[in-house]
Structures are given as C-alpha cells and as structure tokens.
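Let me begin by presenting the structure, written as structure tokens, before commenting on it.
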Amino acid sequence: MTALSDSGCPVLDPTARAAHADAAVLRARGPATPVELPGGVRAWSVTRHSVIQRLTGDPRVSRDPYRHWPGLADVPEGWPLAVSALMRNFLNAYGEEHRGLRRRMAPSFSPRRVEAMRPRIQTTADRLVDAIHALLPGRSTDIRRALALPLTMTVICDLFGVPDFLREDLGASIDALMDTTATAEQGRARLAELEARLAELLEYKKAHPGSDFTNDLLAPSPSSSPSSSPSSSHSADGGAPLSDRELLDHLFLMLAAGYETAVNLITSAVYALLAAPGHLARLRAGDVGWDDVIEETLRHNGPVMHHPMRYAIEDIDLGEGIVIRRGEPVIIAFAAAGRDPELHPDSPDVFDPGRPGKEHLAFGHGPHVCLGAHLARTETHVALTTLFERLPLLALAHPDEVPAPVPSLSLNGPAQLHVVPHPVSPYHSD
C-alpha cells in the first residue's frame, strides 16, 4: 500500500493485489485507522481480530446507512461499494428490525436443512469433477470456472428456484458488480443490469411459485403485523410482506452471498493444497482432516476481506488515542483477522492445516454473523473430497506463479486457478 490521499491517509487498492500485506500495514497503525475508499469516501479501517470482535458485537455500531450515516448524501453516484453497503436488506438493518428479518431468513440455512441438501450437492460435484477427469493428459482447466463457481451457483439457484435461462446472466451481473475497479459509469450500468435481471427473476417467481427460498421471501409470516419502522414496509418481527424493492435487495444478498463466499473458499483451498503438496500427503496419511484444511483456509485466506460498512451511533473510544465519532463509517477487514499476529503469533502468514488453533472471523461475528456458513463449509467439503479423491495426481498448471486475486475490495480469492488433472511426466515417451 503506497498511495496516500491528499489528507495523508492510505488509499485502499481497489484491485486488492496485495490485500493481506496492505492489511498488515493498516494493523500496525493502530486499532483503527482512516482510509480512503473508491470514490473518495473516507472510513475507519479495522484489521485487528480483537477490535473486529469488539465492534461487530457492539450495539453502538449499526449497519443501516439510512439511519446512521450522515455522510451518505455525499456518496458519489455509481460508487462501487454501493451494492453491498446501500441495499435495503436484512444485512444492512439495525436492532430489532435486523433481528426480525434474520429470524425470517435463518430457517432456510439451518444445519438440518443444509444436510438435507448434501446429496444434491454431491451429485452436482460428481458431474463437474467427471468433466474435469475427462480432459486429456496435459490439458489444463480453471478450477474456479470448472468446479467452484458452477457448483455453488447451481446449489444457490436451486435453493431459490432460479430458472435455468436466468442463471448464467444473473451470475455474470453479480460478479461484475463485485469488481471495485469499476468506474462510476460502469457501476451505474452494471447496477441497472443487475436490477433488471433480479426484477425478471422476481416476476417469474410471482408467476411460478414453488417450494423454494424465494417463495419463503414472498410469503408473509403468520406473525405479521403492521410496520412501525419509517424506513421499511415490513414489521419489526420481519413477518409482514416485503416491498418489491426490499425483495430485490434481499434476493441479491442471498444469491451473491450464497455462492461468492464458497467460490473463493473452494478455490483458495485447492490452491493452498496444490502449492505445497506435503499437505495432501498429510491428509492421505490421516495426520490432518478435511475440516482442518477448510478451517485453516478460512483463517489464512478468508473469502471476504473488507466488508462495507458499519456506522458508530455514538462516540466509541478504542484506546491508543483512537475515537470513532458518531456517524463515522467503519470498514471491517474480516480476512485480515485470521493473520493477526496477536492471535496467531506462530507464522500467521503460513498455511498449516495441522495448526492447533485456527480461530478466525471469516464468516463475521456478532449479530450479523453469516447465515450461510454451514452451507459454505458443506459445499467446500464435498468439492474438495470429490476433486482430490477422483484426481489424485491433480497439479497446478503454473506452479511458479501466484494467481492474481479477484479485483475486489470485498471478495478475496484467486480470480483464476489453472490446474492439470492428468499431468504428463517429463520422462514420458511414446
């Protein structure tokens, strides 16, 4: 991180080319430090594990920009982080409004319901890995596009009843909006395109109701009651019908979070195992398990880096002379928490599935902890076991290159990961 704003604070690199190195620089500056986001928006960056835990569990910190961010009026149109920070869904709600909406969504992602999906996840993984296995010796493929993305997109689209004709375009629109290198003009165009596709999905689901998660959103809860919130059409308990605007924003949240997180987790785990093949030997010897690999990937290279935004609803003193004033925004670096040397003093930047402690905040913390954590872990377990059991010789196509990251301040993982399912021995001859 070399760029500084006119005021002298670090400018977060929208390409995320060195996200963990940049987070280490910010961590060393204090419990929170001012940064400049794309569009010239200023915020407090928090990268330390203990401070992230403290702020994400503090009721004096809100996610609702419409109630608690006075600077919202100055945010430029087409701001690349708007899709995450400004949509009106339960992730960006506060207090009882958030709790009610979360109660409404939570049953869809319960461990019991996710386990019931495992056979379907396995069937999809088998089909995708079979296609990878069918490649000729020496041929390569991008594991993100060949396995991680289609697996997780199929699962989440099945859950929400997304028709086949909408899936590819909808996924492409979501991916495009997570690119924080976009210009304001590109941001406006991409947002309009996504909203058009979500609106098409919503109209389709209204005309073709089914027993899926979208139907759960459309149907009011038996406990519905008149709204008491001036900014929302739903009741405090989340039971009343959502407006079309809220439905579109909730669909975006659930679809994007439902596959982007797992795509990065799967791809990062495959890279970590292939970059140091000794880890695979330990797996096969039974010295470590697949859950160890998954949790260490979450610690070492969590799938979400900077997650916008949160807002102080009163002054918060973090110590060391740092006070976040009422109304000031905060951006949390969740993936950075796992490499905090205060938490993991023993080689925090080294991937080690045998590490005795793998504490992380990859799925967040506090009231907004990720509802889909169990689903992401399940998809990753199925993907990894299927891939490495079916393809024991799998290798990186470019072992001397570090894959470029997704160009996003929010997402964290390889943009591509080329692998060779059936390597050709250099000593092979016809």
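Chain labels run A, B, ... following the order of the structure tokens; each chain numbers its residues from 1, and ligands are numbered from 1 in the order shown.
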Extract, using only C-alpha atoms, all DNA, RNA and protein residues at most 12 Å from region 341-355 of chain A, discarding same-chain residues fewer than 4 positions from it, and format them as a ChimeraX atom specification.
/A:20-21,23-24,27-28,47-51,268-269,271-283,286-302,335-337,359-361
Contact table region 333-390 of chain A vs region 71-94 of chain A, cut-off 12 Å, shortest pair per residue, only C-alpha atoms, as a tab-separated table:
residue	atom	partner	partner_atom	distance
A:Gly364	CA	A:Leu91	CA	11.6
A:Pro367	CA	A:Tyr94	CA	9.5
A:His368	CA	A:Leu91	CA	6.8
A:Val369	CA	A:Leu91	CA	9.5
A:Cys370	CA	A:Leu91	CA	9.3
A:Leu371	CA	A:Leu91	CA	10.2
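Residues of region 297-357 of chain A that DSSP, applied to the backbone, places in strand (DSSP E or B): Val304, His306, His307, Pro308, Met309, Arg310, Tyr311, Ala312, Ile316, Asp317, Leu318, Gly319, Ile322, Val323, Ile324, Pro329, Val330, Ile331, Ile332 and Ala333 of chain A.
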So that I have them on file, write out the residues from the current selection with all heavy atoms, as a short mmCIF file (atom, residue, chain, number, x, y, z; two decimals), in the first residue's frame.
data_model
loop_
_atom_site.label_atom_id
_atom_site.label_comp_id
_atom_site.auth_asym_id
_atom_site.auth_seq_id
_atom_site.Cartn_x
_atom_site.Cartn_y
_atom_site.Cartn_z
N VAL A 304 -13.85 -13.30 2.32
CA VAL A 304 -14.29 -11.90 2.31
C VAL A 304 -13.24 -11.08 3.04
O VAL A 304 -12.90 -11.37 4.18
CB VAL A 304 -15.66 -11.74 3.01
CG1 VAL A 304 -16.02 -10.26 3.14
CG2 VAL A 304 -16.74 -12.48 2.25
N HIS A 306 -12.55 -6.89 2.95
CA HIS A 306 -13.18 -5.69 3.51
C HIS A 306 -14.69 -5.76 3.29
O HIS A 306 -15.14 -5.90 2.17
CB HIS A 306 -12.62 -4.44 2.84
CG HIS A 306 -11.15 -4.28 3.00
ND1 HIS A 306 -10.58 -3.83 4.17
CD2 HIS A 306 -10.12 -4.52 2.15
CE1 HIS A 306 -9.27 -3.78 4.03
NE2 HIS A 306 -8.97 -4.20 2.82
N HIS A 307 -15.43 -5.65 4.39
CA HIS A 307 -16.88 -5.74 4.26
C HIS A 307 -17.50 -4.40 4.65
O HIS A 307 -17.49 -4.01 5.81
CB HIS A 307 -17.45 -6.85 5.16
CG HIS A 307 -18.77 -7.35 4.67
ND1 HIS A 307 -19.90 -6.58 4.70
CD2 HIS A 307 -19.13 -8.53 4.12
CE1 HIS A 307 -20.91 -7.27 4.20
NE2 HIS A 307 -20.47 -8.44 3.83
N PRO A 308 -18.02 -3.68 3.68
CA PRO A 308 -18.64 -2.38 3.98
C PRO A 308 -20.11 -2.56 4.36
O PRO A 308 -20.76 -3.48 3.86
CB PRO A 308 -18.54 -1.65 2.65
CG PRO A 308 -18.60 -2.75 1.62
CD PRO A 308 -17.95 -3.94 2.24
N MET A 309 -20.58 -1.65 5.14
CA MET A 309 -19.98 -0.66 6.00
C MET A 309 -20.70 -0.77 7.34
O MET A 309 -21.78 -1.35 7.43
CB MET A 309 -20.18 0.76 5.44
CG MET A 309 -19.62 1.00 4.05
SD MET A 309 -17.87 1.39 4.10
CE MET A 309 -17.99 3.13 4.54
N ARG A 310 -20.13 -0.14 8.37
CA ARG A 310 -20.77 0.00 9.68
C ARG A 310 -20.62 1.45 10.12
O ARG A 310 -19.73 2.15 9.63
CB ARG A 310 -20.14 -0.97 10.70
CG ARG A 310 -20.57 -2.41 10.50
CD ARG A 310 -19.74 -3.36 11.35
NE ARG A 310 -20.34 -4.68 11.43
CZ ARG A 310 -20.27 -5.61 10.49
NH1 ARG A 310 -19.62 -5.35 9.37
NH2 ARG A 310 -20.84 -6.78 10.65
N TYR A 311 -21.48 1.86 11.08
CA TYR A 311 -21.52 3.27 11.46
C TYR A 311 -21.69 3.39 12.97
O TYR A 311 -22.51 2.69 13.58
CB TYR A 311 -22.70 3.99 10.75
CG TYR A 311 -22.82 3.54 9.32
CD1 TYR A 311 -23.68 2.48 8.98
CD2 TYR A 311 -22.04 4.12 8.33
CE1 TYR A 311 -23.75 2.04 7.67
CE2 TYR A 311 -22.11 3.68 7.02
CZ TYR A 311 -22.96 2.63 6.70
OH TYR A 311 -23.03 2.17 5.40
N ALA A 312 -20.88 4.26 13.57
CA ALA A 312 -20.98 4.49 15.01
C ALA A 312 -22.24 5.32 15.29
O ALA A 312 -22.45 6.36 14.67
CB ALA A 312 -19.75 5.23 15.50
N ILE A 316 -17.15 6.14 20.07
CA ILE A 316 -16.59 4.89 20.59
C ILE A 316 -15.08 5.06 20.74
O ILE A 316 -14.36 5.28 19.77
CB ILE A 316 -16.89 3.71 19.64
CG1 ILE A 316 -18.41 3.52 19.46
CG2 ILE A 316 -16.25 2.42 20.15
CD1 ILE A 316 -18.79 2.48 18.44
N ASP A 317 -14.62 4.94 21.97
CA ASP A 317 -13.20 5.09 22.28
C ASP A 317 -12.53 3.71 22.21
O ASP A 317 -12.84 2.82 22.99
CB ASP A 317 -13.04 5.68 23.68
CG ASP A 317 -11.59 6.04 24.01
OD1 ASP A 317 -10.68 5.58 23.29
OD2 ASP A 317 -11.39 6.78 24.99
N LEU A 318 -11.61 3.54 21.27
CA LEU A 318 -10.91 2.26 21.10
C LEU A 318 -9.59 2.21 21.85
O LEU A 318 -8.90 1.20 21.83
CB LEU A 318 -10.66 2.00 19.61
CG LEU A 318 -11.89 1.81 18.72
CD1 LEU A 318 -11.46 1.55 17.29
CD2 LEU A 318 -12.76 0.67 19.22
N GLY A 319 -9.22 3.29 22.52
CA GLY A 319 -7.93 3.34 23.17
C GLY A 319 -6.84 3.75 22.19
O GLY A 319 -7.08 3.94 21.00
N ILE A 322 -7.54 6.61 19.78
CA ILE A 322 -8.45 6.47 18.64
C ILE A 322 -9.90 6.53 19.11
O ILE A 322 -10.33 5.68 19.91
CB ILE A 322 -8.21 5.15 17.87
CG1 ILE A 322 -6.77 5.09 17.37
CG2 ILE A 322 -9.21 5.00 16.73
CD1 ILE A 322 -6.41 6.16 16.38
N VAL A 323 -10.66 7.49 18.61
CA VAL A 323 -12.08 7.60 18.90
C VAL A 323 -12.85 7.67 17.58
O VAL A 323 -12.59 8.56 16.76
CB VAL A 323 -12.39 8.86 19.74
CG1 VAL A 323 -13.89 8.97 20.00
CG2 VAL A 323 -11.63 8.83 21.06
N ILE A 324 -13.75 6.74 17.38
CA ILE A 324 -14.63 6.78 16.22
C ILE A 324 -15.84 7.61 16.61
O ILE A 324 -16.58 7.25 17.52
CB ILE A 324 -15.04 5.36 15.78
CG1 ILE A 324 -13.80 4.54 15.42
CG2 ILE A 324 -16.02 5.41 14.61
CD1 ILE A 324 -14.09 3.09 15.07
N PRO A 329 -18.19 6.19 9.35
CA PRO A 329 -18.27 4.83 8.83
C PRO A 329 -17.03 4.01 9.16
O PRO A 329 -15.92 4.56 9.32
CB PRO A 329 -18.41 5.03 7.33
CG PRO A 329 -17.72 6.32 7.06
CD PRO A 329 -17.92 7.18 8.29
N VAL A 330 -17.22 2.70 9.22
CA VAL A 330 -16.15 1.74 9.53
C VAL A 330 -16.21 0.63 8.48
O VAL A 330 -17.29 0.16 8.12
CB VAL A 330 -16.34 1.13 10.94
CG1 VAL A 330 -15.27 0.09 11.22
CG2 VAL A 330 -16.34 2.22 12.00
N ILE A 331 -15.03 0.23 8.00
CA ILE A 331 -14.95 -0.92 7.10
C ILE A 331 -14.11 -1.99 7.79
O ILE A 331 -13.00 -1.72 8.27
CB ILE A 331 -14.39 -0.52 5.72
CG1 ILE A 331 -14.47 -1.71 4.75
CG2 ILE A 331 -12.98 0.05 5.80
CD1 ILE A 331 -14.27 -1.31 3.30
N ILE A 332 -14.67 -3.19 7.87
CA ILE A 332 -14.05 -4.29 8.62
C ILE A 332 -13.31 -5.23 7.67
O ILE A 332 -13.86 -5.67 6.67
CB ILE A 332 -15.13 -5.09 9.38
CG1 ILE A 332 -15.93 -4.19 10.32
CG2 ILE A 332 -14.50 -6.26 10.12
CD1 ILE A 332 -15.19 -3.72 11.52
N ALA A 333 -12.06 -5.55 8.01
CA ALA A 333 -11.27 -6.48 7.21
C ALA A 333 -11.31 -7.87 7.85
O ALA A 333 -10.39 -8.26 8.58
CB ALA A 333 -9.84 -5.98 7.08
#
Of A:Trp69, A:Asp22, A:Asn215, A:Met153, the one sitting nearest Glu314 (chain A) when using only C-alpha atoms is A:Trp69
With only C-alpha atoms as the basis for distance, which of A:Ser211, A:Thr15, A:Thr267, A:Thr385 is at the shortest distance from Ala146 (chain A)?
A:Thr267
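Checking A:Ile313, A:Leu26, A:Leu394, A:Ala207 one by one against Asp58 (chain A), counting only C-alpha atoms, you find the shortest gap at A:Ile313.
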Need the shell around Ala16 (chain A): protein/DNA/RNA residues with any atom at most 7 Å away, counting only C-alpha atoms. Skip same-chain ones fewer than 6 positions apart. Format as a VMD selection string?
chain A and resid 405 407 to 409
10 Å contact set for Gly95 (chain A), only C-alpha atoms, chain neighbours under 3 positions out, as a short mmCIF file (atom, residue, chain, number, x, y, z; two decimals) with N, CA, C and O atoms, in the first residue's frame:
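Saved the output as result-v8.cif:
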data_model
loop_
_atom_site.label_atom_id
_atom_site.label_comp_id
_atom_site.auth_asym_id
_atom_site.auth_seq_id
_atom_site.Cartn_x
_atom_site.Cartn_y
_atom_site.Cartn_z
N PRO A 59 -23.59 -2.90 20.31
CA PRO A 59 -24.87 -2.33 19.85
C PRO A 59 -24.77 -0.87 19.45
O PRO A 59 -25.71 -0.33 18.85
N ARG A 60 -23.64 -0.22 19.75
CA ARG A 60 -23.45 1.16 19.33
C ARG A 60 -22.94 1.26 17.89
O ARG A 60 -22.66 2.35 17.39
N VAL A 61 -22.85 0.11 17.22
CA VAL A 61 -22.41 0.07 15.83
C VAL A 61 -23.56 -0.47 14.99
O VAL A 61 -24.11 -1.53 15.27
N SER A 62 -23.91 0.29 13.95
CA SER A 62 -25.04 -0.05 13.09
C SER A 62 -24.56 -0.39 11.70
O SER A 62 -23.46 0.00 11.29
N ARG A 63 -25.40 -1.11 10.94
CA ARG A 63 -25.13 -1.33 9.53
C ARG A 63 -26.11 -0.54 8.65
O ARG A 63 -26.08 -0.69 7.43
N ASP A 64 -26.96 0.25 9.24
CA ASP A 64 -28.01 0.95 8.49
C ASP A 64 -27.53 2.34 8.07
O ASP A 64 -27.50 3.27 8.89
N HIS A 98 -33.36 -5.74 12.28
CA HIS A 98 -32.44 -6.77 11.80
C HIS A 98 -32.76 -8.12 12.40
O HIS A 98 -32.79 -9.14 11.70
N ARG A 99 -33.01 -8.15 13.70
CA ARG A 99 -33.29 -9.44 14.35
C ARG A 99 -34.53 -10.09 13.77
O ARG A 99 -34.56 -11.32 13.57
N GLY A 100 -35.57 -9.30 13.50
CA GLY A 100 -36.78 -9.87 12.94
C GLY A 100 -36.58 -10.44 11.55
O GLY A 100 -37.03 -11.55 11.24
N ALA A 236 -41.42 -5.10 12.55
CA ALA A 236 -40.19 -5.29 13.31
C ALA A 236 -39.84 -6.74 13.45
O ALA A 236 -38.68 -7.10 13.60
N PRO A 367 -24.13 -10.13 15.81
CA PRO A 367 -25.48 -10.32 15.28
C PRO A 367 -25.54 -10.57 13.78
O PRO A 367 -26.48 -11.20 13.29
#
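Among the candidates A:Arg377, A:Asp169, A:Glu246, A:Arg144, the residue lying nearest to Gly413 (chain A) is A:Arg144 (atoms considered: only C-alpha atoms).
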Would you give me, as a PyMOL selection string, the residues in region 260-303 of chain A that DSSP reads as helix (DSSP H, G or I)?
chain A and resi 260-275+278-285+290-300
Mind dumping the selected residues with N, CA, C and O atoms as a compact mmCIF listing (two decimals), in the first residue's frame?
# COMPACT_ATOMS: atom_id res chain seq x y z
N GLU A 260 -20.74 -16.51 -3.80
CA GLU A 260 -19.43 -15.87 -3.90
C GLU A 260 -18.49 -16.33 -2.77
O GLU A 260 -17.30 -16.56 -3.00
N THR A 261 -19.01 -16.46 -1.56
CA THR A 261 -18.17 -16.87 -0.43
C THR A 261 -17.59 -18.25 -0.67
O THR A 261 -16.38 -18.48 -0.51
N ALA A 262 -18.44 -19.20 -1.04
CA ALA A 262 -17.98 -20.57 -1.22
C ALA A 262 -17.08 -20.72 -2.44
O ALA A 262 -16.15 -21.54 -2.43
N VAL A 263 -17.32 -19.95 -3.50
CA VAL A 263 -16.45 -19.99 -4.68
C VAL A 263 -15.02 -19.67 -4.27
O VAL A 263 -14.06 -20.38 -4.64
N ASN A 264 -14.84 -18.60 -3.51
CA ASN A 264 -13.50 -18.20 -3.10
C ASN A 264 -12.89 -19.17 -2.10
O ASN A 264 -11.69 -19.45 -2.14
N LEU A 265 -13.71 -19.71 -1.21
CA LEU A 265 -13.20 -20.66 -0.24
C LEU A 265 -12.70 -21.93 -0.92
O LEU A 265 -11.61 -22.43 -0.62
N ILE A 266 -13.47 -22.46 -1.84
CA ILE A 266 -13.06 -23.68 -2.55
C ILE A 266 -11.78 -23.44 -3.35
O ILE A 266 -10.82 -24.22 -3.29
N THR A 267 -11.76 -22.34 -4.11
CA THR A 267 -10.60 -22.06 -4.97
C THR A 267 -9.34 -21.83 -4.13
O THR A 267 -8.26 -22.33 -4.47
N SER A 268 -9.47 -21.10 -3.04
CA SER A 268 -8.32 -20.84 -2.18
C SER A 268 -7.81 -22.13 -1.54
O SER A 268 -6.59 -22.32 -1.40
N ALA A 269 -8.72 -23.01 -1.14
CA ALA A 269 -8.30 -24.27 -0.52
C ALA A 269 -7.56 -25.15 -1.52
O ALA A 269 -6.54 -25.77 -1.18
N VAL A 270 -8.05 -25.22 -2.76
CA VAL A 270 -7.37 -26.02 -3.78
C VAL A 270 -5.97 -25.48 -4.01
O VAL A 270 -4.98 -26.24 -4.09
N TYR A 271 -5.86 -24.16 -4.11
CA TYR A 271 -4.53 -23.57 -4.33
C TYR A 271 -3.59 -23.87 -3.16
O TYR A 271 -2.43 -24.25 -3.36
N ALA A 272 -4.07 -23.71 -1.95
CA ALA A 272 -3.22 -23.95 -0.78
C ALA A 272 -2.70 -25.38 -0.74
O ALA A 272 -1.54 -25.63 -0.39
N LEU A 273 -3.54 -26.34 -1.11
CA LEU A 273 -3.13 -27.74 -1.09
C LEU A 273 -2.15 -28.07 -2.20
O LEU A 273 -1.18 -28.82 -2.00
N LEU A 274 -2.38 -27.50 -3.39
CA LEU A 274 -1.51 -27.82 -4.53
C LEU A 274 -0.20 -27.05 -4.48
O LEU A 274 0.81 -27.51 -5.01
N ALA A 275 -0.20 -25.88 -3.86
CA ALA A 275 1.03 -25.08 -3.79
C ALA A 275 2.06 -25.72 -2.87
O ALA A 275 3.26 -25.47 -3.01
N GLY A 278 2.87 -31.30 0.26
CA GLY A 278 3.04 -32.03 1.51
C GLY A 278 1.77 -32.07 2.33
O GLY A 278 1.55 -33.02 3.11
N HIS A 279 0.91 -31.06 2.17
CA HIS A 279 -0.36 -31.07 2.90
C HIS A 279 -1.25 -32.22 2.44
O HIS A 279 -1.94 -32.84 3.26
N LEU A 280 -1.22 -32.53 1.15
CA LEU A 280 -2.01 -33.65 0.64
C LEU A 280 -1.48 -34.97 1.20
O LEU A 280 -2.26 -35.88 1.52
N ALA A 281 -0.18 -35.07 1.33
CA ALA A 281 0.40 -36.29 1.90
C ALA A 281 -0.07 -36.46 3.35
O ALA A 281 -0.38 -37.58 3.79
N ARG A 282 -0.15 -35.37 4.10
CA ARG A 282 -0.61 -35.44 5.49
C ARG A 282 -2.09 -35.83 5.55
O ARG A 282 -2.51 -36.57 6.44
N LEU A 283 -2.87 -35.32 4.59
CA LEU A 283 -4.28 -35.71 4.52
C LEU A 283 -4.42 -37.20 4.28
O LEU A 283 -5.19 -37.89 4.96
N ARG A 284 -3.67 -37.72 3.33
CA ARG A 284 -3.78 -39.12 2.97
C ARG A 284 -3.23 -40.03 4.06
O ARG A 284 -3.66 -41.18 4.18
N ALA A 285 -2.32 -39.48 4.87
CA ALA A 285 -1.79 -40.27 5.98
C ALA A 285 -2.69 -40.18 7.21
O ALA A 285 -2.47 -40.89 8.20
N TRP A 290 -10.06 -33.09 6.51
CA TRP A 290 -10.59 -32.08 5.59
C TRP A 290 -11.13 -30.87 6.33
O TRP A 290 -11.03 -29.74 5.85
N ASP A 291 -11.71 -31.10 7.50
CA ASP A 291 -12.17 -29.95 8.29
C ASP A 291 -11.01 -29.06 8.70
O ASP A 291 -11.14 -27.83 8.76
N ASP A 292 -9.84 -29.67 8.97
CA ASP A 292 -8.65 -28.88 9.28
C ASP A 292 -8.27 -27.99 8.09
O ASP A 292 -7.90 -26.82 8.26
N VAL A 293 -8.34 -28.56 6.90
CA VAL A 293 -8.00 -27.80 5.69
C VAL A 293 -8.97 -26.64 5.50
O VAL A 293 -8.56 -25.50 5.21
N ILE A 294 -10.24 -26.91 5.69
CA ILE A 294 -11.25 -25.86 5.48
C ILE A 294 -11.08 -24.74 6.49
O ILE A 294 -11.08 -23.55 6.14
N GLU A 295 -10.92 -25.08 7.76
CA GLU A 295 -10.79 -24.04 8.78
C GLU A 295 -9.49 -23.26 8.63
O GLU A 295 -9.46 -22.05 8.86
N GLU A 296 -8.42 -23.93 8.23
CA GLU A 296 -7.17 -23.22 8.03
C GLU A 296 -7.25 -22.30 6.81
O GLU A 296 -6.67 -21.21 6.80
N THR A 297 -7.98 -22.72 5.78
CA THR A 297 -8.20 -21.82 4.63
C THR A 297 -8.98 -20.60 5.06
O THR A 297 -8.67 -19.47 4.66
N LEU A 298 -10.00 -20.80 5.88
CA LEU A 298 -10.78 -19.68 6.39
C LEU A 298 -9.92 -18.73 7.22
O LEU A 298 -10.09 -17.51 7.16
N ARG A 299 -9.00 -19.29 7.97
CA ARG A 299 -8.11 -18.44 8.78
C ARG A 299 -7.09 -17.73 7.91
O ARG A 299 -6.86 -16.53 8.03
N HIS A 300 -6.47 -18.49 7.02
CA HIS A 300 -5.34 -17.99 6.24
C HIS A 300 -5.75 -17.08 5.10
O HIS A 300 -5.06 -16.11 4.79
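Rounded to one decimal, CA of Ala32 (chain A) and CA of Gly258 (chain A) lie 29.4 Å from each other.
Residues surrounding region 117-123 of chain A within 9 Å are Arg112, Arg113, Val114, Asp126, Arg127, Leu128, Leu151, Thr152, Thr154, Val155, Thr378, Glu379, Val382, Ala383 and Thr386 of chain A [only C-alpha atoms; sequence separation below 3 positions excluded].
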Put those residues in a file: N, CA, C and O atoms, as an mmCIF file, in the first residue's frame.
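Now in out.cif:
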data_model
loop_
_atom_site.group_PDB
_atom_site.id
_atom_site.type_symbol
_atom_site.label_atom_id
_atom_site.label_comp_id
_atom_site.auth_asym_id
_atom_site.auth_seq_id
_atom_site.Cartn_x
_atom_site.Cartn_y
_atom_site.Cartn_z
ATOM 1 N N ARG A 112 -29.787 -28.508 9.706
ATOM 2 C CA ARG A 112 -30.624 -29.640 9.286
ATOM 3 C C ARG A 112 -31.017 -29.517 7.811
ATOM 4 O O ARG A 112 -30.949 -30.487 7.053
ATOM 5 N N ARG A 113 -31.400 -28.305 7.402
ATOM 6 C CA ARG A 113 -31.819 -28.114 6.023
ATOM 7 C C ARG A 113 -30.637 -28.236 5.072
ATOM 8 O O ARG A 113 -30.754 -28.777 3.968
ATOM 9 N N VAL A 114 -29.473 -27.731 5.499
ATOM 10 C CA VAL A 114 -28.283 -27.843 4.665
ATOM 11 C C VAL A 114 -27.874 -29.304 4.496
ATOM 12 O O VAL A 114 -27.535 -29.748 3.389
ATOM 13 N N ASP A 126 -20.058 -34.430 -8.442
ATOM 14 C CA ASP A 126 -19.664 -35.600 -9.222
ATOM 15 C C ASP A 126 -19.693 -35.292 -10.712
ATOM 16 O O ASP A 126 -18.765 -35.650 -11.462
ATOM 17 N N ARG A 127 -20.755 -34.633 -11.148
ATOM 18 C CA ARG A 127 -20.883 -34.303 -12.578
ATOM 19 C C ARG A 127 -19.763 -33.368 -13.024
ATOM 20 O O ARG A 127 -19.153 -33.581 -14.085
ATOM 21 N N LEU A 128 -19.456 -32.364 -12.239
ATOM 22 C CA LEU A 128 -18.424 -31.397 -12.616
ATOM 23 C C LEU A 128 -17.032 -32.015 -12.592
ATOM 24 O O LEU A 128 -16.217 -31.788 -13.495
ATOM 25 N N LEU A 151 -20.606 -25.230 -9.159
ATOM 26 C CA LEU A 151 -21.159 -25.992 -8.041
ATOM 27 C C LEU A 151 -21.982 -25.087 -7.137
ATOM 28 O O LEU A 151 -23.144 -25.365 -6.834
ATOM 29 N N THR A 152 -21.368 -24.002 -6.693
ATOM 30 C CA THR A 152 -22.052 -23.147 -5.731
ATOM 31 C C THR A 152 -23.203 -22.380 -6.368
ATOM 32 O O THR A 152 -24.226 -22.145 -5.723
ATOM 33 N N THR A 154 -25.061 -23.487 -8.868
ATOM 34 C CA THR A 154 -26.153 -24.455 -9.029
ATOM 35 C C THR A 154 -26.894 -24.662 -7.717
ATOM 36 O O THR A 154 -28.133 -24.666 -7.677
ATOM 37 N N VAL A 155 -26.162 -24.794 -6.633
ATOM 38 C CA VAL A 155 -26.795 -25.025 -5.331
ATOM 39 C C VAL A 155 -27.682 -23.853 -4.944
ATOM 40 O O VAL A 155 -28.849 -24.027 -4.583
ATOM 41 N N THR A 378 -20.091 -26.997 3.943
ATOM 42 C CA THR A 378 -20.557 -28.255 3.352
ATOM 43 C C THR A 378 -20.187 -28.339 1.883
ATOM 44 O O THR A 378 -19.658 -29.371 1.411
ATOM 45 N N GLU A 379 -20.425 -27.272 1.131
ATOM 46 C CA GLU A 379 -20.079 -27.261 -0.292
ATOM 47 C C GLU A 379 -18.570 -27.460 -0.475
ATOM 48 O O GLU A 379 -18.138 -28.197 -1.380
ATOM 49 N N VAL A 382 -17.538 -31.129 0.238
ATOM 50 C CA VAL A 382 -17.923 -32.006 -0.872
ATOM 51 C C VAL A 382 -17.020 -31.768 -2.076
ATOM 52 O O VAL A 382 -16.537 -32.713 -2.714
ATOM 53 N N ALA A 383 -16.759 -30.497 -2.397
ATOM 54 C CA ALA A 383 -15.934 -30.181 -3.560
ATOM 55 C C ALA A 383 -14.518 -30.725 -3.413
ATOM 56 O O ALA A 383 -13.977 -31.357 -4.332
ATOM 57 N N THR A 386 -14.340 -34.727 -3.286
ATOM 58 C CA THR A 386 -14.644 -35.299 -4.600
ATOM 59 C C THR A 386 -13.497 -35.058 -5.569
ATOM 60 O O THR A 386 -13.081 -35.971 -6.301
#
Take CA of Pro150 (chain A) and CA of Ala395 (chain A) and report the distance between them in Å, one decimal.
20.5 Å
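Proximity of A:Pro107, A:Leu149, A:Met178, A:His374 to Ala125 (chain A), computed with only C-alpha atoms, is greatest for A:Leu149.
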